[in-house]
file work.cif (mmCIF, N, CA and C atoms)
data_coords
#
loop_
_atom_site.label_atom_id
_atom_site.label_comp_id
_atom_site.auth_asym_id
_atom_site.auth_seq_id
_atom_site.Cartn_x
_atom_site.Cartn_y
_atom_site.Cartn_z
N GLN A 1 0.84 -1.19 0.00
CA GLN A 1 0.00 0.00 0.00
C GLN A 1 0.88 1.24 0.00
N VAL A 2 0.63 2.14 -0.96
CA VAL A 2 1.42 3.35 -1.07
C VAL A 2 0.98 4.34 -0.01
N GLN A 3 1.93 4.87 0.73
CA GLN A 3 1.63 5.86 1.75
C GLN A 3 2.66 6.97 1.74
N LEU A 4 2.18 8.18 2.00
CA LEU A 4 3.05 9.34 2.19
C LEU A 4 2.74 9.91 3.57
N ALA A 5 3.78 10.24 4.32
CA ALA A 5 3.58 10.75 5.67
C ALA A 5 4.48 11.95 5.90
N GLU A 6 3.85 13.10 6.18
CA GLU A 6 4.60 14.32 6.44
C GLU A 6 4.88 14.47 7.93
N SER A 7 5.95 15.19 8.21
CA SER A 7 6.28 15.54 9.59
C SER A 7 7.11 16.82 9.57
N GLY A 8 7.25 17.42 10.74
CA GLY A 8 8.12 18.59 10.87
C GLY A 8 7.42 19.91 10.99
N GLY A 9 6.10 19.91 10.88
CA GLY A 9 5.38 21.17 11.04
C GLY A 9 5.41 21.65 12.48
N GLY A 10 4.93 22.87 12.68
CA GLY A 10 4.89 23.42 14.03
C GLY A 10 4.66 24.91 14.01
N LEU A 11 4.90 25.51 15.16
CA LEU A 11 4.73 26.95 15.33
C LEU A 11 6.10 27.61 15.30
N VAL A 12 6.22 28.65 14.50
CA VAL A 12 7.48 29.36 14.38
C VAL A 12 7.20 30.85 14.26
N GLN A 13 8.11 31.66 14.73
CA GLN A 13 7.97 33.10 14.58
C GLN A 13 8.32 33.51 13.15
N ALA A 14 7.76 34.61 12.72
CA ALA A 14 8.08 35.15 11.40
C ALA A 14 9.60 35.34 11.30
N GLY A 15 10.14 34.94 10.17
CA GLY A 15 11.58 34.98 9.97
C GLY A 15 12.29 33.69 10.33
N GLY A 16 11.58 32.80 10.98
CA GLY A 16 12.18 31.54 11.41
C GLY A 16 12.19 30.49 10.31
N SER A 17 12.62 29.29 10.70
CA SER A 17 12.79 28.20 9.75
C SER A 17 12.14 26.93 10.26
N LEU A 18 11.72 26.11 9.32
CA LEU A 18 11.24 24.76 9.60
C LEU A 18 11.69 23.85 8.47
N ARG A 19 11.86 22.57 8.79
CA ARG A 19 12.17 21.58 7.77
C ARG A 19 11.09 20.50 7.79
N LEU A 20 10.37 20.40 6.71
CA LEU A 20 9.35 19.38 6.58
C LEU A 20 9.95 18.14 5.93
N SER A 21 9.45 16.99 6.35
CA SER A 21 9.88 15.72 5.77
C SER A 21 8.66 14.96 5.26
N CYS A 22 8.86 14.20 4.21
CA CYS A 22 7.82 13.33 3.67
C CYS A 22 8.42 11.94 3.50
N ALA A 23 7.88 10.99 4.21
CA ALA A 23 8.33 9.61 4.12
C ALA A 23 7.39 8.84 3.21
N ALA A 24 7.95 8.26 2.18
CA ALA A 24 7.15 7.48 1.23
C ALA A 24 7.37 5.99 1.50
N SER A 25 6.31 5.23 1.43
CA SER A 25 6.43 3.80 1.69
C SER A 25 5.48 3.03 0.78
N GLY A 26 5.72 1.75 0.68
CA GLY A 26 4.86 0.89 -0.11
C GLY A 26 5.43 0.56 -1.47
N THR A 27 6.28 1.43 -1.96
CA THR A 27 6.92 1.19 -3.26
C THR A 27 8.06 2.19 -3.39
N SER A 28 8.87 2.05 -4.39
CA SER A 28 9.94 3.01 -4.63
C SER A 28 9.40 4.18 -5.45
N PHE A 29 9.83 5.37 -5.07
CA PHE A 29 9.44 6.58 -5.79
C PHE A 29 10.62 7.16 -6.55
N ILE A 30 11.64 6.37 -6.74
CA ILE A 30 12.87 6.88 -7.32
C ILE A 30 12.67 7.44 -8.72
N SER A 31 11.69 6.95 -9.43
CA SER A 31 11.47 7.41 -10.80
C SER A 31 10.31 8.40 -10.92
N ASP A 32 9.80 8.87 -9.80
CA ASP A 32 8.62 9.74 -9.79
C ASP A 32 8.95 11.14 -9.33
N ALA A 33 8.32 12.11 -9.98
CA ALA A 33 8.36 13.47 -9.48
C ALA A 33 7.54 13.54 -8.19
N MET A 34 7.93 14.43 -7.31
CA MET A 34 7.20 14.62 -6.07
C MET A 34 7.04 16.11 -5.81
N ASP A 35 6.02 16.45 -5.04
CA ASP A 35 5.68 17.85 -4.84
C ASP A 35 5.31 18.13 -3.39
N TRP A 36 5.39 19.40 -3.04
CA TRP A 36 4.80 19.93 -1.82
C TRP A 36 3.69 20.89 -2.22
N TYR A 37 2.54 20.70 -1.61
CA TYR A 37 1.42 21.61 -1.74
C TYR A 37 1.10 22.19 -0.36
N ARG A 38 0.33 23.26 -0.35
CA ARG A 38 -0.16 23.79 0.91
C ARG A 38 -1.57 24.32 0.74
N GLN A 39 -2.29 24.32 1.85
CA GLN A 39 -3.65 24.84 1.83
C GLN A 39 -3.91 25.61 3.12
N ALA A 40 -4.20 26.89 2.94
CA ALA A 40 -4.55 27.75 4.07
C ALA A 40 -6.06 27.77 4.21
N PRO A 41 -6.56 28.09 5.40
CA PRO A 41 -8.02 28.12 5.61
C PRO A 41 -8.72 29.04 4.61
N GLY A 42 -9.76 28.53 3.98
CA GLY A 42 -10.53 29.33 3.04
C GLY A 42 -9.89 29.52 1.68
N LYS A 43 -8.75 28.86 1.46
CA LYS A 43 -8.05 29.01 0.18
C LYS A 43 -7.90 27.66 -0.50
N GLN A 44 -7.65 27.72 -1.80
CA GLN A 44 -7.44 26.49 -2.55
C GLN A 44 -6.04 25.94 -2.27
N ARG A 45 -5.92 24.63 -2.42
CA ARG A 45 -4.61 24.01 -2.29
C ARG A 45 -3.73 24.51 -3.43
N GLU A 46 -2.49 24.87 -3.10
CA GLU A 46 -1.59 25.42 -4.11
C GLU A 46 -0.26 24.68 -4.12
N LEU A 47 0.33 24.60 -5.29
CA LEU A 47 1.63 23.97 -5.45
C LEU A 47 2.72 24.89 -4.92
N VAL A 48 3.57 24.35 -4.06
CA VAL A 48 4.65 25.13 -3.46
C VAL A 48 5.96 24.84 -4.18
N ALA A 49 6.27 23.57 -4.35
CA ALA A 49 7.55 23.19 -4.96
C ALA A 49 7.45 21.78 -5.51
N SER A 50 8.24 21.54 -6.56
CA SER A 50 8.28 20.22 -7.20
C SER A 50 9.72 19.80 -7.41
N ILE A 51 9.92 18.48 -7.43
CA ILE A 51 11.24 17.95 -7.73
C ILE A 51 11.07 16.70 -8.58
N THR A 52 11.81 16.65 -9.69
CA THR A 52 11.73 15.49 -10.58
C THR A 52 12.60 14.36 -10.05
N SER A 53 12.49 13.23 -10.72
CA SER A 53 13.31 12.09 -10.33
C SER A 53 14.80 12.39 -10.51
N ASP A 54 15.11 13.32 -11.42
CA ASP A 54 16.50 13.70 -11.67
C ASP A 54 16.98 14.84 -10.77
N GLY A 55 16.07 15.34 -9.93
CA GLY A 55 16.46 16.39 -9.00
C GLY A 55 16.22 17.80 -9.50
N GLU A 56 15.57 17.96 -10.64
CA GLU A 56 15.24 19.30 -11.10
C GLU A 56 14.12 19.85 -10.24
N THR A 57 14.23 21.12 -9.90
CA THR A 57 13.27 21.73 -8.98
C THR A 57 12.53 22.89 -9.61
N ASN A 58 11.36 23.15 -9.04
CA ASN A 58 10.53 24.27 -9.49
C ASN A 58 9.79 24.79 -8.27
N TYR A 59 9.65 26.12 -8.20
CA TYR A 59 9.05 26.73 -7.02
C TYR A 59 7.97 27.73 -7.40
N ALA A 60 6.99 27.87 -6.53
CA ALA A 60 6.05 28.97 -6.66
C ALA A 60 6.79 30.28 -6.45
N ASP A 61 6.37 31.32 -7.15
CA ASP A 61 7.05 32.61 -7.03
C ASP A 61 7.09 33.10 -5.58
N SER A 62 6.06 32.78 -4.84
CA SER A 62 5.95 33.29 -3.47
C SER A 62 6.99 32.70 -2.52
N VAL A 63 7.62 31.59 -2.90
CA VAL A 63 8.58 30.96 -1.99
C VAL A 63 9.99 30.90 -2.57
N LYS A 64 10.17 31.34 -3.79
CA LYS A 64 11.50 31.31 -4.41
C LYS A 64 12.50 32.07 -3.58
N GLY A 65 13.65 31.45 -3.39
CA GLY A 65 14.70 32.08 -2.62
C GLY A 65 14.60 31.85 -1.12
N ARG A 66 13.46 31.31 -0.67
CA ARG A 66 13.28 31.05 0.76
C ARG A 66 13.13 29.56 1.06
N PHE A 67 12.51 28.82 0.16
CA PHE A 67 12.26 27.39 0.37
C PHE A 67 13.17 26.58 -0.55
N THR A 68 13.55 25.40 -0.07
CA THR A 68 14.36 24.48 -0.86
C THR A 68 13.79 23.08 -0.75
N ILE A 69 13.46 22.50 -1.89
CA ILE A 69 12.95 21.13 -1.94
C ILE A 69 14.10 20.20 -2.27
N SER A 70 14.10 19.04 -1.65
CA SER A 70 15.15 18.06 -1.92
C SER A 70 14.59 16.66 -1.69
N ARG A 71 15.35 15.67 -2.11
CA ARG A 71 14.91 14.29 -1.92
C ARG A 71 16.10 13.39 -1.70
N ASP A 72 15.86 12.30 -1.01
CA ASP A 72 16.86 11.26 -0.80
C ASP A 72 16.24 9.97 -1.30
N ASN A 73 16.56 9.60 -2.53
CA ASN A 73 15.93 8.43 -3.14
C ASN A 73 16.27 7.14 -2.40
N ALA A 74 17.45 7.08 -1.84
CA ALA A 74 17.85 5.86 -1.13
C ALA A 74 16.96 5.62 0.09
N LYS A 75 16.46 6.71 0.66
CA LYS A 75 15.62 6.59 1.86
C LYS A 75 14.14 6.77 1.54
N ASN A 76 13.81 7.01 0.28
CA ASN A 76 12.42 7.28 -0.10
C ASN A 76 11.85 8.46 0.68
N MET A 77 12.65 9.52 0.79
CA MET A 77 12.28 10.70 1.56
C MET A 77 12.32 11.95 0.68
N MET A 78 11.47 12.91 1.03
CA MET A 78 11.49 14.22 0.40
C MET A 78 11.45 15.26 1.52
N TYR A 79 12.05 16.41 1.27
CA TYR A 79 12.16 17.44 2.29
C TYR A 79 11.77 18.80 1.72
N LEU A 80 11.39 19.69 2.64
CA LEU A 80 11.17 21.08 2.28
C LEU A 80 11.78 21.93 3.38
N GLN A 81 12.89 22.56 3.07
CA GLN A 81 13.53 23.49 4.00
C GLN A 81 12.90 24.85 3.79
N MET A 82 12.32 25.40 4.82
CA MET A 82 11.62 26.67 4.73
C MET A 82 12.32 27.69 5.62
N ASN A 83 12.88 28.71 5.00
CA ASN A 83 13.56 29.77 5.71
C ASN A 83 12.81 31.09 5.51
N GLY A 84 13.06 32.03 6.37
CA GLY A 84 12.41 33.34 6.24
C GLY A 84 10.90 33.24 6.20
N LEU A 85 10.34 32.42 7.09
CA LEU A 85 8.90 32.19 7.05
C LEU A 85 8.12 33.46 7.33
N LYS A 86 7.01 33.58 6.62
CA LYS A 86 6.13 34.73 6.75
C LYS A 86 4.76 34.26 7.23
N PRO A 87 3.98 35.13 7.83
CA PRO A 87 2.63 34.73 8.26
C PRO A 87 1.80 34.14 7.13
N GLU A 88 2.01 34.62 5.93
CA GLU A 88 1.24 34.09 4.79
C GLU A 88 1.68 32.69 4.35
N ASP A 89 2.75 32.18 4.93
CA ASP A 89 3.16 30.79 4.66
C ASP A 89 2.39 29.79 5.53
N ALA A 90 1.66 30.28 6.51
CA ALA A 90 0.91 29.40 7.40
C ALA A 90 -0.13 28.61 6.62
N ALA A 91 -0.11 27.30 6.80
CA ALA A 91 -1.02 26.43 6.05
C ALA A 91 -0.78 24.99 6.50
N VAL A 92 -1.61 24.11 5.99
CA VAL A 92 -1.31 22.68 6.09
C VAL A 92 -0.52 22.31 4.84
N TYR A 93 0.62 21.69 5.05
CA TYR A 93 1.49 21.32 3.95
C TYR A 93 1.35 19.82 3.67
N TYR A 94 1.21 19.50 2.38
CA TYR A 94 1.00 18.12 1.95
C TYR A 94 2.08 17.70 0.97
N CYS A 95 2.53 16.48 1.07
CA CYS A 95 3.37 15.94 0.01
C CYS A 95 2.49 15.14 -0.94
N HIS A 96 2.93 15.08 -2.16
CA HIS A 96 2.11 14.51 -3.24
C HIS A 96 3.00 13.87 -4.29
N THR A 97 2.48 12.82 -4.87
CA THR A 97 3.08 12.26 -6.07
C THR A 97 1.99 11.64 -6.93
N ASN A 98 2.28 11.51 -8.18
CA ASN A 98 1.38 10.83 -9.09
C ASN A 98 2.11 9.59 -9.61
N LYS A 99 1.55 8.45 -9.29
CA LYS A 99 2.20 7.19 -9.66
C LYS A 99 1.15 6.25 -10.22
N TRP A 100 1.47 5.64 -11.30
CA TRP A 100 0.51 4.74 -11.95
C TRP A 100 -0.80 5.47 -12.28
N LEU A 101 -0.66 6.74 -12.71
CA LEU A 101 -1.80 7.59 -13.10
C LEU A 101 -2.76 7.84 -11.95
N ARG A 102 -2.25 7.77 -10.73
CA ARG A 102 -3.09 8.01 -9.55
C ARG A 102 -2.37 8.98 -8.64
N ASP A 103 -3.14 9.90 -8.05
CA ASP A 103 -2.58 10.86 -7.11
C ASP A 103 -2.52 10.27 -5.70
N TYR A 104 -1.40 10.48 -5.05
CA TYR A 104 -1.23 10.06 -3.67
C TYR A 104 -0.90 11.29 -2.83
N TRP A 105 -1.54 11.40 -1.67
CA TRP A 105 -1.36 12.53 -0.76
C TRP A 105 -1.06 12.03 0.64
N GLY A 106 -0.26 12.81 1.34
CA GLY A 106 -0.10 12.55 2.76
C GLY A 106 -1.24 13.17 3.53
N GLN A 107 -1.18 13.02 4.85
CA GLN A 107 -2.26 13.54 5.70
C GLN A 107 -2.08 15.02 6.01
N GLY A 108 -0.90 15.55 5.74
CA GLY A 108 -0.63 16.97 5.96
C GLY A 108 0.03 17.24 7.29
N THR A 109 0.78 18.33 7.34
CA THR A 109 1.39 18.79 8.58
C THR A 109 1.18 20.30 8.68
N GLN A 110 0.78 20.74 9.85
CA GLN A 110 0.39 22.15 10.06
C GLN A 110 1.62 23.01 10.29
N VAL A 111 1.68 24.10 9.57
CA VAL A 111 2.71 25.12 9.79
C VAL A 111 2.00 26.40 10.22
N THR A 112 2.39 26.91 11.38
CA THR A 112 1.82 28.14 11.91
C THR A 112 2.94 29.15 12.09
N VAL A 113 2.74 30.36 11.59
CA VAL A 113 3.76 31.40 11.66
C VAL A 113 3.18 32.59 12.40
N SER A 114 3.80 32.93 13.51
CA SER A 114 3.33 34.06 14.31
C SER A 114 4.07 35.33 13.89
N SER A 115 3.35 36.41 13.87
CA SER A 115 3.97 37.69 13.45
C SER A 115 4.49 38.48 14.64
#

call {"tool": "encode", "arguments": {"input": "work.cif", "output": "structure tokens"}}
result
Amino acid sequence: QVQLAESGGGLVQAGGSLRLSCAASGTSFISDAMDWYRQAPGKQRELVASITSDGETNYADSVKGRFTISRDNAKNMMYLQMNGLKPEDAAVYYCHTNKWLRDYWGQGTQVTVSS
């Protein structure tokens, strides 16, 4: 059974940092692109960052220069290093992949940023 599990969320002051982790299990994701999404209350889920199987990355304009996505294929892990956090970054963060033409999501991890 394919599962994604996020961790690392929490409460941080504006300007602070957090590192989110996504543990993938059930199969290898070495050949799959993976993403981080976020959803704030009353807003649509939005793509934050993506990383291909080759390690190419892409970021939403709102997080460029502050967030870094990475992956460790040997461990089936993906990470999101978030620096310079702003109150508008507060949301539930989800990891995602599409495998076998099906979307897989984690349960989400809450990030709260105090001003």

call {"tool": "residues_around", "arguments": {"input": "work.cif", "residues": "segment 92-102 of chain A", "least_positions_apart": "3", "cutoff": "6 Å", "atoms": "all atoms listed in the file", "output": "VMD selection string"}}
result
chain A and resid 33 to 40 105 to 111

call {"tool": "atom_distance", "arguments": {"input": "work.cif", "atom1": "atom CA of Ser62 of chain A", "atom2": "atom N of Asp89 of chain A"}}
result
9.1 Å

call {"tool": "atom_distance", "arguments": {"input": "work.cif", "atom1": "atom C of Asn73 of chain A", "atom2": "atom CA of Leu47 of chain A"}}
result
22.5 Å

call {"tool": "resolve_selection", "arguments": {"input": "work.cif", "expression": "the PyMOL selection byres ((chain A and resi 112) around 8)", "output": "list in words"}}
result
Gly9, Gly10, Leu11, Val12, Gln13, Ala14, Lys86, Pro87, Asp89, Ala90, Ala91, Val92, Thr109, Gln110, Val111, Val113, Ser114 and Ser115 of chain A

call {"tool": "resolve_selection", "arguments": {"input": "work.cif", "expression": "the PyMOL selection byres ((chain A and resi 59) around 7)", "output": "list of chain:residue names"}}
result
A:Leu47, A:Val48, A:Ala49, A:Ser50, A:Thr57, A:Asn58, A:Ala60, A:Asp61, A:Ser62, A:Val63, A:Lys64

call {"tool": "closest_residue", "arguments": {"input": "work.cif", "among": "A:Arg45, A:Glu56, A:Ser7, A:Ala74", "to": "Leu20 of chain A", "atoms": "only N, CA and C atoms"}}
result
A:Ser7

call {"tool": "atom_distance", "arguments": {"input": "work.cif", "atom1": "atom C of Tyr104 of chain A", "atom2": "atom N of Gly15 of chain A"}}
result
29.2 Å

call {"tool": "resolve_selection", "arguments": {"input": "work.cif", "expression": "the PyMOL selection byres ((chain A and resi 78) around 6)", "output": "ChimeraX atom specification"}}
result
/A:20-24,70-72,76-77,79-80

call {"tool": "write_last_selection", "arguments": {"input": "work.cif", "atoms": "N, CA and C atoms", "output": "compact mmCIF listing (two decimals), keeping the file's coordinate frame"}}
result
# COMPACT_ATOMS: atom_id res chain seq x y z
N LEU A 20 10.37 20.40 6.71
CA LEU A 20 9.35 19.38 6.58
C LEU A 20 9.95 18.14 5.93
N SER A 21 9.45 16.99 6.35
CA SER A 21 9.88 15.72 5.77
C SER A 21 8.66 14.96 5.26
N CYS A 22 8.86 14.20 4.21
CA CYS A 22 7.82 13.33 3.67
C CYS A 22 8.42 11.94 3.50
N ALA A 23 7.88 10.99 4.21
CA ALA A 23 8.33 9.61 4.12
C ALA A 23 7.39 8.84 3.21
N ALA A 24 7.95 8.26 2.18
CA ALA A 24 7.15 7.48 1.23
C ALA A 24 7.37 5.99 1.50
N SER A 70 14.10 19.04 -1.65
CA SER A 70 15.15 18.06 -1.92
C SER A 70 14.59 16.66 -1.69
N ARG A 71 15.35 15.67 -2.11
CA ARG A 71 14.91 14.29 -1.92
C ARG A 71 16.10 13.39 -1.70
N ASP A 72 15.86 12.30 -1.01
CA ASP A 72 16.86 11.26 -0.80
C ASP A 72 16.24 9.97 -1.30
N ASN A 76 13.81 7.01 0.28
CA ASN A 76 12.42 7.28 -0.10
C ASN A 76 11.85 8.46 0.68
N MET A 77 12.65 9.52 0.79
CA MET A 77 12.28 10.70 1.56
C MET A 77 12.32 11.95 0.68
N TYR A 79 12.05 16.41 1.27
CA TYR A 79 12.16 17.44 2.29
C TYR A 79 11.77 18.80 1.72
N LEU A 80 11.39 19.69 2.64
CA LEU A 80 11.17 21.08 2.28
C LEU A 80 11.78 21.93 3.38

call {"tool": "select_by_dssp", "arguments": {"input": "work.cif", "residues": "segment 9-111 of chain A", "states": "strand (DSSP E)", "output": "PyMOL selection string"}}
result
chain A and resi 10-13+18-25+34-39+46-51+57-59+67-72+77-82+91-99+102-105+109-111

call {"tool": "decode", "arguments": {"input": "work.cif", "residues": "segment 30-53 of chain A", "atoms": "C-alpha atoms", "output": "short mmCIF file (atom, residue, chain, number, x, y, z; two decimals), in the first residue's frame"}}
result
data_model
loop_
_atom_site.label_atom_id
_atom_site.label_comp_id
_atom_site.auth_asym_id
_atom_site.auth_seq_id
_atom_site.Cartn_x
_atom_site.Cartn_y
_atom_site.Cartn_z
CA ILE A 30 12.87 6.88 -7.32
CA SER A 31 11.47 7.41 -10.80
CA ASP A 32 8.62 9.74 -9.79
CA ALA A 33 8.36 13.47 -9.48
CA MET A 34 7.20 14.62 -6.07
CA ASP A 35 5.68 17.85 -4.84
CA TRP A 36 4.80 19.93 -1.82
CA TYR A 37 1.42 21.61 -1.74
CA ARG A 38 -0.16 23.79 0.91
CA GLN A 39 -3.65 24.84 1.83
CA ALA A 40 -4.55 27.75 4.07
CA PRO A 41 -8.02 28.12 5.61
CA GLY A 42 -10.53 29.33 3.04
CA LYS A 43 -8.05 29.01 0.18
CA GLN A 44 -7.44 26.49 -2.55
CA ARG A 45 -4.61 24.01 -2.29
CA GLU A 46 -1.59 25.42 -4.11
CA LEU A 47 1.63 23.97 -5.45
CA VAL A 48 4.65 25.13 -3.46
CA ALA A 49 7.55 23.19 -4.96
CA SER A 50 8.28 20.22 -7.20
CA ILE A 51 11.24 17.95 -7.73
CA THR A 52 11.73 15.49 -10.58
CA SER A 53 13.31 12.09 -10.33
#
